[in-house]
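Chemist: Here it is: the structure, laid out below.
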There are 2 protein chains.
Amino acid sequence: LRVVVVGGGAAGMSAASRVKRLKPDAEVVVLERTRWVSFALCGIPYYIGCIVKHLDDLTAYPLEVFIKERGIDVRIKHEVLDVDASGKRLSVRDLEGGREYEIEYDYLVLATGARSRAPEIWPELRELENAFYVTHLDGAYVIRDYLVKLKSGSRIAIVGSGYVGIEMVEAAIEQGLKPVLIEAAPRLMPRVLDEEYSKILESYLAGKGVEILKGSPVKDLKYSNGRLKAIELESGEVEVDAAIFGVGVRPNTELAEKAGVKLGETGAVWTDEYMRTSDESIYSAGDNTQTTHLVTGKPTWFPFAQAANKMGFVAGTNIALGNAMKFPGVTGTSTLKVFDLVIAKTGLSLAEAQREGFNAVEVSISGGTKAHYMPGRKKIHLKVVADADTGRLLGATSMGESETAFWRVNVVASLLHKKATVEDLLFTDLGYAPPLAPVWDPLIIAARQLLRKVKAAKR
Amino acid sequence: LRVVVVGGGAAGMSAASRVKRLKPDAEVVVLERTRWVSFALCGIPYYIGCIVKHLDDLTAYPLEVFIKERGIDVRIKHEVLDVDASGKRLSVRDLEGGREYEIEYDYLVLATGARSRAPEIWPELRELENAFYVTHLDGAYVIRDYLVKLKSGSRIAIVGSGYVGIEMVEAAIEQGLKPVLIEAAPRLMPRVLDEEYSKILESYLAGKGVEILKGSPVKDLKYSNGRLKAIELESGEVEVDAAIFGVGVRPNTELAEKAGVKLGETGAVWTDEYMRTSDESIYSAGDNTQTTHLVTGKPTWFPFAQAANKMGFVAGTNIALGNAMKFPGVTGTSTLKVFDLVIAKTGLSLAEAQREGFNAVEVSISGGTKAHYMPGRKKIHLKVVADADTGRLLGATSMGESETAFWRVNVVASLLHKKATVEDLLFTDLGYAPPLAPVWDPLIIAARQLLRKVKAAKR
């Protein structure tokens with residue numbers, strides 16, 4: 001049995017390791033275009049901010065572990081040029097040696113990830129020496145190398161206020177730079193936060209000295225001699241010393257398209273619950289792959305590392321054992337920490353739930369993280385959304401200067417996974433001790449208030 | 001409609017507030033023996049340790065809020081002497097005025113709480129000026145008042161290493177005293193922790209300068225002139241300047257017995273899911289009340305504040321609306337923070353699960369709280385227990401110098417509430433960001449390892 005995995009990131013290395021563990025006799029080959037495997041791209045902002053010193057720190061295991069301990073034939077700097085799905089064969093180029101060769105597979109795993117949309121929108125970004133987008137670890141090296149040489153107080157534009165953008169704002173400040181955050185939408189993190197929470201984030205960042213330009217789509221980039229000089233907005237030009245563009249990602253589906261496997265409605269690779277594509281010899285896992293949203297029951301594309309790892313784990317399990325395990329999908333949990341502010345969301349916001357046709361209701365509360373009489377108590381904001389007809393929980397968002405905002409959302413994520421109701425949230429037996437939580441936890445208060453809005457209940 | 005609530009603690013005030021909110025015209029009377037209502041007895045160790053300054057800080061709301069804003073007829077310093085269940089009538093003594101009177105009820109709520117077992121074991125504790133057990137807020141005042149006058153470095157025995165005992169150890173050190181922790185069992189917190197975790201707690205406390213005498217049942221108390229001088233153990237006498245006894249609590253069921261309502265197998269008051277006792281005019285809620293353990297399906301007695309509050313909420317709802325809401329039971333989640341060490345448990349330990357007849361398996365891991373490359377990462381210990389036949393989750397225990405040990409257990413508690421499986425834990429969509437969690441969270445690693453031990457699964 002030969003399994004070839006394309007892509008050595010979270011999903012690919014999980015799949016490869018899993019096959020090898022369950023079927024030690026299988027030949028498992030990983031083809032990775034860069035020189036890195038099991039890399040944590042999510043760690044890049046912390047590398048750029050110098051919180052993480054070395055690029056090597058961002059890999060889960062050194063290459064040798066996969067090759068020597070796990071017996072995986074990992075080929076870094078190998079690029080897949082083409083795939084012949086009917087012949088079960090890949091053409092590959094060794095980027096260092098220059099040699100091209102073919103390799104046959106019994107099973108192929110596509111774990112090709114996603115890539116920044118920025119250079120497709122602004123092709124000149126590929127050339128400008130002081131304008132960047134986040135690609136990969138080597139790219140992160142180039143960004144940091146440039147930023148550390150800038151004078152303290154230099155102005156850096158961060159374009160886009162998604163996860164990457166917000167994390168880069170902190171990295172820029174860690175580097176002694178003055179960030180200006182440019183967002184096309186009228187508010188920050190529009191795909192994660194509602195208007196009220198966007199404002200809380202905005203005033204928090206403003207308090208950290210971040211200049212914020214929202215409702216400001218980029219009209220043009222002004223550059224000369226290979227250097228970005230200014231970003232043109234409706235409101236005028238913003239002169240900058242450097243810029244980082246974080247305007248979203250899209251799935252790398254070229255190889256899937258060459259293989260002729262089906263893409264889903266989201267544009268990412270379609271698979272069944274076993275992570276098998278429309279070609280039964282080809283599996284797909286990670287940021288290039290579509291999955292199911294467990295709250296809506298609909299297809300979703302959710303390019304986050306933890307889901308990628310699990311999809312790879314499931315794909316590897318099923319290749320080794322013959323479709324023994326289903327990946328159920330995601331509830332759409334995401335989180336972010338910027339300075340001390342934690343933002344976390346799971347499931348649907350009120351607006352999203354209403355768009356999906358739910359008779360959705362929301363409660364919004366602010367509450368303390370500990371008993372009211374304990375020192376170190378922080379205030380967190382929490383919104384919980386439910387279906388008024390059935391009482392089913394649909395989502396939660398929380399923010400505050402406490403990691404417990406994240407964990408409270410994880411509690412709701414666990415309940416969403418089990419399609420739980422507002423009563424389940426009320427009666428889940430959360431632990432209580434004065435230094436750790438209030439006796440009426442914000443989660444419980446939210447559930448109590450939601451009950452009143454749920455028609456199905458008699459109260 | 002007149003509802004009389006006996007006991008002004010968490011359960012009683014929740015029930016009273018709930019009735020009044022849903023039926024504003026109802027007459028709601030609370031009879032409370034002490035001068036405190038809505039008190040947080042869990043906060044007493046922090047008051048004794050002077051982390052909390054004033055006793056008033058330990059009440060959720062001032063008395064006036066209940067009386068004036070909520071319209072509840074709260075009568076503090078009123079003790080219930082007897083109950084005539086067939087006549088629906090209580091005899092009451094006003095402890096300040098000395099007057100005795102009768103009051104009739106349509107519904108009675110027994111929220112009489114629990115009390116320390118210590119004075120039943122050692123009646124002399126009621127008299128000794130330097131030996132204490134935790135009773136109520138006024139008793140906490142007496143303890144602190146005594147301890148603050150002791151010379152720094154005085155030796156205080158803490159007898160019993162349950163929640164109260166461990167928290168009191170910290171309070172004693174905050175007061176500049178030298179605690180000696182005396183535990184009858186061969187290890188600390190024997191009802192919460194297994195042997196391995198007991199040892200971790202023991203060495204942590206030893207590192208804080210706590211003297212620990214385990215396997216040391218108290219044989220006798222040596223006192224003279226109303227002062228405890230020494231505690232006699234098998235191994236000899238321990239001379240002490242003061243002592244606090246935290247050897248467990250038992251439910252206050254005297255009034256329930258007078259009313260002739262049924263007690264459960266645990267010794268606490270039996271109710272149905274509506275919190276109604278065997279007398280349909282009498283409800284019971286809180287630390288005096290038996291409930292159901294959702295993992296075993298069996299009766300349990302679980303005297304913790306959060307469950308008490310919720311039971312009161314349910315009792316009040318059902319009195320007002322006619323049995324509209326069920327209290328489902330508890331999964332037995334409890335937690336503790338001592339210095340920076342957090343201990344949390346939900347559901348069953350391996351030994352408990354085996355005793356209950358489950359074909360139980362356990363995994364034990366230690367893992368980081370954040371991505372491996374992020375600063376501030378702490379190590380936590382985590383054990384998760386499942387049923388090997390069905391894959392059902394049965395419990396989890398975690399400890400470490402991070403509040404996230406508590407929250408990870410809460411995630412398992414949520415899943416236990418929904419009778420989830422190991423696969424559910426693996427696939428629950430927990431959020432991920434490098435400063436908040438590792439991508440393979442300890443919870444997910446535990447689930448992955450447990451899968452291998454679960455027969456029902458094909459792996």
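By convention in this document, the chains of the structure tokens carry letters A, B, ... by their order, each chain's residues are numbered from 1, and ligands are numbered from 1 in the order they are shown.
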Might you pull out every residue within 9 Å of segment 323-330 of chain B, with only C-alpha atoms counted and same-chain residues fewer than 6 positions away left off, and present them as a compact mmCIF listing (two decimals) with N, CA and C atoms, in the first residue's frame?
Modeler:
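That gives us around.txt:
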# COMPACT_ATOMS: atom_id res chain seq x y z
N PHE A 427 -28.53 23.99 32.81
CA PHE A 427 -28.35 22.91 33.78
C PHE A 427 -27.03 22.17 33.67
N THR A 428 -26.20 22.52 32.69
CA THR A 428 -24.88 21.90 32.66
C THR A 428 -24.18 22.19 33.98
N ASP A 429 -23.62 21.16 34.56
CA ASP A 429 -23.04 21.27 35.90
C ASP A 429 -21.62 21.82 35.81
N ALA A 457 -40.65 27.07 25.57
CA ALA A 457 -40.67 26.87 27.01
C ALA A 457 -41.87 27.61 27.61
N LYS A 458 -42.31 27.16 28.75
CA LYS A 458 -43.51 27.74 29.35
C LYS A 458 -43.18 28.92 30.26
N ARG A 459 -42.15 29.69 29.97
CA ARG A 459 -41.80 30.74 30.91
C ARG A 459 -41.35 32.01 30.23
N ASP B 272 -38.87 14.76 43.49
CA ASP B 272 -38.95 14.36 42.09
C ASP B 272 -38.17 15.39 41.26
N GLU B 273 -38.25 15.27 39.94
CA GLU B 273 -37.47 16.18 39.10
C GLU B 273 -37.93 17.63 39.19
N TYR B 274 -39.16 17.82 39.71
CA TYR B 274 -39.67 19.18 39.88
C TYR B 274 -39.26 19.79 41.21
N MET B 275 -38.46 19.07 41.97
CA MET B 275 -38.01 19.48 43.30
C MET B 275 -39.13 19.40 44.33
N ARG B 276 -40.13 18.58 44.02
CA ARG B 276 -41.25 18.41 44.93
C ARG B 276 -40.99 17.20 45.81
N THR B 291 -30.28 14.60 44.79
CA THR B 291 -30.58 14.75 43.36
C THR B 291 -30.06 13.52 42.63
N THR B 292 -30.01 13.61 41.29
CA THR B 292 -29.61 12.47 40.48
C THR B 292 -28.23 12.72 39.89
N HIS B 293 -27.39 11.71 39.90
CA HIS B 293 -26.10 11.81 39.22
C HIS B 293 -26.31 11.40 37.77
N LEU B 294 -26.03 12.33 36.84
CA LEU B 294 -26.38 12.08 35.45
C LEU B 294 -25.49 11.03 34.79
N VAL B 295 -24.35 10.72 35.38
CA VAL B 295 -23.49 9.69 34.80
C VAL B 295 -23.93 8.30 35.27
N GLY B 297 -26.85 7.73 36.88
CA GLY B 297 -28.30 7.62 36.92
C GLY B 297 -28.84 7.34 38.32
N PRO B 299 -29.21 8.10 42.68
CA PRO B 299 -29.34 9.23 43.60
C PRO B 299 -27.97 9.68 44.11
N THR B 300 -27.83 10.95 44.29
CA THR B 300 -26.57 11.47 44.83
C THR B 300 -26.90 12.65 45.73
N PHE B 302 -25.15 16.21 46.62
CA PHE B 302 -24.09 17.02 46.03
C PHE B 302 -24.23 18.45 46.54
N ALA B 307 -25.44 24.08 42.15
CA ALA B 307 -26.60 23.19 42.07
C ALA B 307 -27.71 23.70 42.97
N LYS B 310 -29.60 26.48 41.33
CA LYS B 310 -30.44 26.01 40.23
C LYS B 310 -31.65 25.23 40.76
N MET B 311 -31.43 24.44 41.81
CA MET B 311 -32.57 23.73 42.40
C MET B 311 -33.60 24.72 42.91
N VAL B 314 -35.51 26.16 40.05
CA VAL B 314 -36.49 25.20 39.52
C VAL B 314 -37.68 25.08 40.46
N ALA B 315 -37.41 24.99 41.75
CA ALA B 315 -38.50 24.88 42.73
C ALA B 315 -39.42 26.10 42.62
N THR B 317 -39.80 28.15 40.06
CA THR B 317 -40.50 28.11 38.77
C THR B 317 -41.73 27.21 38.85
N GLY B 347 -17.88 14.21 36.84
CA GLY B 347 -18.22 12.81 36.61
C GLY B 347 -17.48 11.89 37.55
N HIS B 417 -23.07 16.08 30.39
CA HIS B 417 -24.48 16.47 30.51
C HIS B 417 -25.29 15.92 29.34
Chemist: Compute the chain A side of the contact with chain B at 6 Å, counting only C-alpha atoms, and hand it back as a list in words.
Modeler: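 So the contacting residues turn out to be Asp57, Gln306, Val330, Thr331, Thr333, Ser334, Thr335, Leu336, Tyr373, Asn410, Val411, Ser414, His417, Thr428, Asp429, Leu430, Gly431, Ala433 and Val439 of chain A.
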Chemist: Tell me which protein, DNA and RNA residues are within 12 Å of Lys149 of chain B, counting only C-alpha atoms, leaving out same-chain ones fewer than 2 positions away, and put them as a list in words.
Modeler: Asn130, Val142, Ile143, Arg144, Asp145, Tyr146, Leu147, Lys151, Ser152, Gly153, Ser154, Gln175, Gly176, Leu177, Asp241 and Ala242 of chain B
Chemist: Mind writing the picked residues with C-alpha atoms as a PDB file, in the first residue's frame?
Modeler:
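Okay, result_19.pdb is ready:
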ATOM      1  CA  ASN B 130      -9.357  28.212  69.779  1.00  0.00           C
ATOM      2  CA  VAL B 142     -15.220  34.641  65.174  1.00  0.00           C
ATOM      3  CA  ILE B 143     -12.549  32.519  63.460  1.00  0.00           C
ATOM      4  CA  ARG B 144     -10.860  35.441  61.754  1.00  0.00           C
ATOM      5  CA  ASP B 145     -11.079  37.595  64.835  1.00  0.00           C
ATOM      6  CA  TYR B 146      -9.232  34.887  66.728  1.00  0.00           C
ATOM      7  CA  LEU B 147      -6.628  34.125  64.074  1.00  0.00           C
ATOM      8  CA  LYS B 151       1.347  35.636  66.788  1.00  0.00           C
ATOM      9  CA  SER B 152       2.823  35.209  63.345  1.00  0.00           C
ATOM     10  CA  GLY B 153       4.140  31.672  62.989  1.00  0.00           C
ATOM     11  CA  SER B 154       1.624  30.185  65.398  1.00  0.00           C
ATOM     12  CA  GLN B 175      -2.690  35.022  58.041  1.00  0.00           C
ATOM     13  CA  GLY B 176       0.991  34.318  58.669  1.00  0.00           C
ATOM     14  CA  LEU B 177       0.294  31.080  60.522  1.00  0.00           C
ATOM     15  CA  ASP B 241      -2.273  27.152  68.976  1.00  0.00           C
ATOM     16  CA  ALA B 242      -5.540  26.807  67.098  1.00  0.00           C
TER      17      ALA B 242
END
Chemist: Can you list, as a VMD selection string, every protein, DNA or RNA residue that comes within 7 Å of segment 98-105 of chain B when you count only C-alpha atoms, leaving out same-chain residues fewer than 4 positions away?
Modeler: chain B and resid 2 to 4 88 to 94
Chemist: Take atom CA of Gly7 of chain A and atom CA of Ala171 of chain A and report the distance between them in Å, one decimal.
Modeler: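 Atom-to-atom, atom CA of Gly7 of chain A and atom CA of Ala171 of chain A are spaced 27.5 Å apart.
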Chemist: Using the chain letters and numbers from this document, which residues of segment 205-341 of chain B does DSSP assign to strand (DSSP E), as an MDAnalysis selection string?
Modeler: chainID B and resid 211:213 220:224 227:233 236:239 242:245 249:251 282:284 291:292 299:300 334:338 341
Chemist: Of the residues B:Gly286, B:Gly395, B:Pro251, B:Gly260, which is the one nearest to Asp82 of chain B, using only C-alpha atoms?
Modeler: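 The closest residue to Asp82 of chain B is B:Gly260.
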Chemist: So the first atom is atom CA of Leu443 of chain A and the second is atom CA of Leu382 of chain A; what is the distance between them in Å, to one decimal place?
Modeler: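 Between atom CA of Leu443 of chain A and atom CA of Leu382 of chain A the gap works out to 7.8 Å.
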Chemist: May I have all residues of segment 239-444 of chain A that DSSP, computed from the backbone, assigns to helix (DSSP H, G or I), given as an NGL selection string?
Modeler: :A and (254-259 or 305-321 or 350-355 or 404-417 or 422-427 or 442-444)
Chemist: Would you mind telling me which residue in B:Val363, B:Ala405, B:Ala396, B:Ile48 lies nearest to Glu167 of chain B when using only C-alpha atoms?
Modeler: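 Nearest candidate to Glu167 of chain B out of B:Val363, B:Ala405, B:Ala396, B:Ile48: B:Ile48.
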